[in-house]
Each structure stands twice: as C-alpha cells, then as structure tokens.
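Novice: The structure file coords03.cif (mmCIF, C-alpha atoms (C1' of nucleotides)) is provided below.
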```
data_query
#
loop_
_atom_site.group_PDB
_atom_site.id
_atom_site.type_symbol
_atom_site.label_atom_id
_atom_site.label_comp_id
_atom_site.auth_asym_id
_atom_site.auth_seq_id
_atom_site.Cartn_x
_atom_site.Cartn_y
_atom_site.Cartn_z
ATOM 1 C CA MET B 1 18.397 -13.627 -9.748
ATOM 2 C CA THR B 2 17.404 -15.143 -6.478
ATOM 3 C CA GLN B 3 15.059 -12.824 -4.660
ATOM 4 C CA ASN B 4 16.830 -9.588 -5.390
ATOM 5 C CA ASN B 5 14.466 -7.399 -7.301
ATOM 6 C CA HIS B 6 16.326 -4.596 -8.936
ATOM 7 C CA ASN B 7 14.398 -1.436 -8.272
ATOM 8 C CA LYS B 8 13.909 -0.646 -11.906
ATOM 9 C CA ASP B 9 12.251 -3.989 -12.544
ATOM 10 C CA PHE B 10 10.220 -3.583 -9.407
ATOM 11 C CA TYR B 11 8.557 -0.425 -10.647
ATOM 12 C CA VAL B 12 7.742 -2.037 -13.964
ATOM 13 C CA ARG B 13 6.262 -5.076 -12.263
ATOM 14 C CA VAL B 14 4.032 -3.018 -10.036
ATOM 15 C CA TYR B 15 2.938 -1.091 -13.086
ATOM 16 C CA GLU B 16 2.075 -4.270 -14.975
ATOM 17 C CA VAL B 17 0.073 -5.796 -12.164
ATOM 18 C CA VAL B 18 -1.929 -2.642 -11.539
ATOM 19 C CA ALA B 19 -2.509 -2.252 -15.248
ATOM 20 C CA ARG B 20 -4.451 -5.512 -15.383
ATOM 21 C CA ILE B 21 -6.752 -5.005 -12.432
ATOM 22 C CA PRO B 22 -10.202 -5.493 -13.998
ATOM 23 C CA GLU B 23 -12.690 -2.669 -14.080
ATOM 24 C CA GLY B 24 -14.962 -2.691 -11.070
ATOM 25 C CA ARG B 25 -12.482 -4.701 -9.025
ATOM 26 C CA VAL B 26 -9.820 -3.690 -6.519
ATOM 27 C CA THR B 27 -6.727 -5.262 -5.013
ATOM 28 C CA THR B 28 -4.449 -4.381 -2.129
ATOM 29 C CA TYR B 29 -0.860 -3.240 -1.748
ATOM 30 C CA GLY B 30 -0.073 -6.408 0.136
ATOM 31 C CA ALA B 31 -1.599 -8.695 -2.491
ATOM 32 C CA ILE B 32 0.519 -7.043 -5.166
ATOM 33 C CA ALA B 33 3.630 -7.303 -3.002
ATOM 34 C CA ARG B 34 3.022 -10.994 -2.430
ATOM 35 C CA HIS B 35 2.421 -11.582 -6.093
ATOM 36 C CA LEU B 36 5.783 -9.967 -6.818
ATOM 37 C CA GLY B 37 7.489 -12.188 -4.273
ATOM 38 C CA ILE B 38 8.187 -9.451 -1.768
ATOM 39 C CA GLY B 39 5.366 -10.191 0.640
ATOM 40 C CA GLY B 40 5.811 -8.203 3.807
ATOM 41 C CA SER B 41 6.953 -5.128 1.963
ATOM 42 C CA ALA B 42 3.584 -3.792 0.966
ATOM 43 C CA ARG B 43 4.727 -0.252 1.687
ATOM 44 C CA LEU B 44 7.093 -0.412 -1.241
ATOM 45 C CA VAL B 45 4.145 -0.960 -3.554
ATOM 46 C CA GLY B 46 2.496 2.265 -2.533
ATOM 47 C CA TRP B 47 5.812 4.013 -2.715
ATOM 48 C CA ALA B 48 6.439 2.615 -6.207
ATOM 49 C CA LEU B 49 3.024 3.724 -7.376
ATOM 50 C CA ASN B 50 3.762 7.204 -6.178
ATOM 51 C CA LYS B 51 7.072 7.062 -7.997
ATOM 52 C CA THR B 52 5.660 5.852 -11.303
ATOM 53 C CA LEU B 53 2.899 8.370 -10.885
ATOM 54 C CA SER B 54 5.314 11.284 -10.879
ATOM 55 C CA GLU B 55 7.705 9.791 -13.414
ATOM 56 C CA SER B 56 5.319 8.521 -16.040
ATOM 57 C CA GLY B 57 2.792 11.321 -15.673
ATOM 58 C CA ASN B 58 -0.151 9.084 -15.002
ATOM 59 C CA GLN B 59 -2.597 11.928 -14.567
ATOM 60 C CA SER B 60 -4.463 10.874 -17.682
ATOM 61 C CA GLY B 61 -5.403 7.603 -16.033
ATOM 62 C CA LEU B 62 -3.060 5.287 -17.897
ATOM 63 C CA LEU B 63 -2.544 3.365 -14.698
ATOM 64 C CA PRO B 64 -5.709 2.480 -12.756
ATOM 65 C CA CYS B 65 -4.052 2.987 -9.391
ATOM 66 C CA HIS B 66 -7.431 4.027 -7.981
ATOM 67 C CA ARG B 67 -8.154 0.289 -7.886
ATOM 68 C CA VAL B 68 -5.491 -0.271 -5.246
ATOM 69 C CA VAL B 69 -6.724 0.069 -1.666
ATOM 70 C CA ASN B 70 -5.493 -1.108 1.700
ATOM 71 C CA ARG B 71 -6.474 -4.369 3.369
ATOM 72 C CA THR B 72 -9.549 -2.902 5.024
ATOM 73 C CA GLY B 73 -10.854 -1.355 1.818
ATOM 74 C CA GLU B 74 -9.994 2.211 2.760
ATOM 75 C CA LEU B 75 -8.952 4.586 0.002
ATOM 76 C CA THR B 76 -5.612 5.435 1.562
ATOM 77 C CA GLY B 77 -4.359 6.932 -1.678
ATOM 78 C CA LYS B 78 -7.248 9.321 -2.163
ATOM 79 C CA ALA B 79 -5.057 12.308 -1.293
ATOM 80 C CA TRP B 80 -3.176 11.805 -4.564
ATOM 81 C CA PHE B 81 -6.362 12.096 -6.598
ATOM 82 C CA GLY B 82 -7.727 15.247 -5.107
ATOM 83 C CA GLY B 83 -10.985 15.430 -3.185
ATOM 84 C CA ASP B 84 -13.080 12.312 -3.602
ATOM 85 C CA PHE B 85 -12.047 11.701 -7.181
ATOM 86 C CA MET B 86 -10.753 8.228 -6.341
ATOM 87 C CA GLU B 87 -14.090 7.233 -4.851
ATOM 88 C CA GLN B 88 -15.928 8.698 -7.823
ATOM 89 C CA LEU B 89 -13.857 6.638 -10.237
ATOM 90 C CA LEU B 90 -14.573 3.458 -8.315
ATOM 91 C CA ARG B 91 -18.259 4.176 -7.963
ATOM 92 C CA SER B 92 -18.514 4.853 -11.673
ATOM 93 C CA GLU B 93 -17.183 1.328 -12.215
ATOM 94 C CA GLY B 94 -19.831 -0.154 -9.988
ATOM 95 C CA VAL B 95 -17.740 -0.583 -6.865
ATOM 96 C CA ARG B 96 -19.843 -0.584 -3.713
ATOM 97 C CA PHE B 97 -18.846 1.044 -0.449
ATOM 98 C CA SER B 98 -19.821 0.259 3.102
ATOM 99 C CA ASP B 99 -21.307 2.918 5.304
ATOM 100 C CA LYS B 100 -17.836 3.703 6.581
ATOM 101 C CA GLY B 101 -16.468 4.644 3.193
ATOM 102 C CA ARG B 102 -14.666 1.388 2.638
ATOM 103 C CA VAL B 103 -14.759 -0.739 -0.454
ATOM 104 C CA ASP B 104 -16.808 -3.922 -0.078
ATOM 105 C CA MET B 105 -13.790 -6.193 -0.339
ATOM 106 C CA MET B 106 -15.748 -9.443 -0.206
ATOM 107 C CA ARG B 107 -17.454 -8.343 -3.369
ATOM 108 C CA HIS B 108 -14.683 -6.609 -5.298
ATOM 109 C CA PHE B 109 -11.298 -7.942 -4.188
ATOM 110 C CA TRP B 110 -9.163 -9.181 -7.074
ATOM 111 C CA GLU B 111 -6.229 -11.529 -6.468
ATOM 112 C CA PRO B 112 -3.325 -10.763 -8.855
ATOM 113 C "C1'" DA H 113 25.378 7.634 10.575
ATOM 114 C "C1'" DA H 114 20.986 7.208 13.155
ATOM 115 C "C1'" DA H 115 16.331 8.196 13.332
ATOM 116 C "C1'" DC H 116 12.151 9.056 11.113
ATOM 117 C "C1'" DT H 117 8.515 8.548 7.497
ATOM 118 C "C1'" DG H 118 5.104 6.192 4.762
ATOM 119 C "C1'" DA H 119 -0.577 4.905 -1.003
ATOM 120 C "C1'" DC H 120 0.927 -1.380 4.337
ATOM 121 C "C1'" DG H 121 -0.086 -5.866 6.691
ATOM 122 C "C1'" DG H 122 -0.251 -9.542 10.327
ATOM 123 C "C1'" DG H 123 -1.040 -10.645 14.944
ATOM 124 C "C1'" DC H 124 -2.912 -9.828 19.377
ATOM 125 C "C1'" DG H 125 -5.739 -7.995 23.232
ATOM 126 C "C1'" DA Z 126 -14.694 -4.721 14.966
ATOM 127 C "C1'" DC Z 127 -11.016 -1.802 16.487
ATOM 128 C "C1'" DG Z 128 -6.776 0.013 17.957
ATOM 129 C "C1'" DC Z 129 -1.948 -0.884 18.928
ATOM 130 C "C1'" DC Z 130 2.590 -2.619 18.078
ATOM 131 C "C1'" DC Z 131 6.058 -4.410 15.258
ATOM 132 C "C1'" DG Z 132 8.338 -5.777 10.830
ATOM 133 C "C1'" DC Z 133 9.110 -4.334 6.302
ATOM 134 C "C1'" DC Z 134 12.575 -1.283 2.991
ATOM 135 C "C1'" DA Z 135 13.726 2.969 0.213
ATOM 136 C "C1'" DG Z 136 14.106 7.770 0.722
ATOM 137 C "C1'" DT Z 137 14.717 11.918 3.531
ATOM 138 C "C1'" DT Z 138 16.466 14.638 7.421
#
```
What does the file become when written as structure tokens?

Specialist:
Amino acid sequence: MTQNNHNKDFYVRVYEVVARIPEGRVTTYGAIARHLGIGGSARLVGWALNKTLSESGNQSGLLPCHRVVNRTGELTGKAWFGGDFMEQLLRSEGVRFSDKGRVDMMRHFWEP
DNA sequence: AAACTGACGGGCG
DNA sequence: ACGCCCGCCAGTT
C-alpha cells in the first residue's frame, strides 16, 4: 500500500489515535490527519469521527472525541454533544479555556 | 454528472 | 488577532 488508505482502515486509525489522547489534553483534526499520513485532509477526520460515532454508538464515551478541537482551540464539535457538554467534559479534566471559549492550546495540545 | 457541504488547515492581507 | 480564500476528499443533492 503506497498512500492509499482504504476507508475501513482509515476509520479504525482515527479511532485508535483518538482513543489514546491523554486525559486533560487535546489534539486537532489536522494533527491526526498528518499523523495518519493524509495531511491536508483534516476534514476527513471530523467526518470519520462522526461516522464512527453513529456506527459504534459512542454515546457512552468509549471514544474521547471531546478531546479533538480545531486548530484555534474552538469546540467545533460541540453540537454533537448537546449543549455545553463537550466543554464540561474538558473542564472536568482540568482543561483551561481562554475568555473566548477556546481551549488553551499552548497548555493542552497533544501531538499524536 | 456537476455543484455543494462540512467536527479543517495553511497562507495572506 | 482576525477574516477571507483556496485546497482537501467523501457523501449528498
């Protein structure tokens, strides 16, 4: 396999990376994409998360996808958690936010 | 089949 | 620091 990620493997890989984001840390869609060798296709990561979310029934929190934010630290996926549940989860892990509701990336960013 | 959409990111003004 | 534009690629219209 050269650089052709079969979709099925792609989902699994995203799952595995997200699964090992440490508590109290966050990473970005782009960082995950780059780690998987598909840098530049960060959108697919978010799309894959959404996919695995609906397929594997992650509602119980098996996959800590609340620890994935965009490059500026905004909780772009909060809509999938309902209300401010995503922010609550992060805060309960000790994640700090700036006054604009963004994660303090300098402090919490985790490189896969 | 072409255009549009989106849990995104880099570069530029 | 911020907003805008463009590239990215799978899915939907």

Novice: Counting only C-alpha atoms (C1' of nucleotides), select every polymer residue within 12 Å of (-9.8, -2.7, -8.5) as defined in the file's coordinates, and provide the selection as a ChimeraX atom specification.

Specialist: /B:17-29,31-32,63-70,73,75,86-87,89-96,103-105,107-112

Novice: Can you give me, as a list of chain:residue names, the residues this file yields under the PyMOL selection byres ((chain H) within 7 of (chain B))?

Specialist: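 Taken on the displayed file, the PyMOL selection byres ((chain H) within 7 of (chain B)) yields the residues H:DA119, H:DC120, H:DG121.
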
Novice: Under the rule that all atoms listed in the file are counted, which of B:Lys51, B:His35, B:Gly82, B:Phe97 is the nearest residue to chain Z?

Specialist: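 Answer, going by the shortest atom-to-atom distance: B:Lys51.
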
Novice: I need the output of the PyMOL selection byres ((chain Z) within 9 of (chain B)) for this file as an NGL selection string; which residues are they?

Specialist: :Z and (132-135)

Novice: Just to confirm, what's the straight-line distance from C1' of DT117 in chain H to C1' of DG136 in chain Z in Å (one decimal)?

Specialist: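 The value is 8.8 Å.
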
Novice: Pick the closest to DC127 in chain Z from B:Thr72, B:Gly37, B:Gln88, B:Phe81: which is it, counting all atoms listed in the file?

Specialist: B:Thr72

Novice: Work out how far apart CA of Gly83 in chain B and CA of Lys100 in chain B are and give it in Å to one decimal.

Specialist: 16.7 Å

Novice: In Å, with one decimal, what is the gap from CA of Gly101 in chain B to C1' of DA126 in chain Z?

Specialist: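 Straight-line distance from CA of Gly101 in chain B to C1' of DA126 in chain Z works out to 15.1 Å.
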
Novice: At a cut-off of 12 Å, using all atoms listed in the file, what residues contact DC124 in chain H? Leave out same-chain residues fewer than 4 positions from it and give the result as a ChimeraX atom specification.

Specialist: /Z:127-131

Novice: I'd like the box whose edges run along x, y and z of the file and which contains every listed atom of range 49-53 of chain B, padded by 8 Å per side; could you state its centre and edge lengths in Å, one decimal, as AutoDock Vina command-line options?

Specialist:
```
--center_x 5.0 --center_y 6.0 --center_z -8.7 --size_x 20.2 --size_y 20.6 --size_z 21.1
```
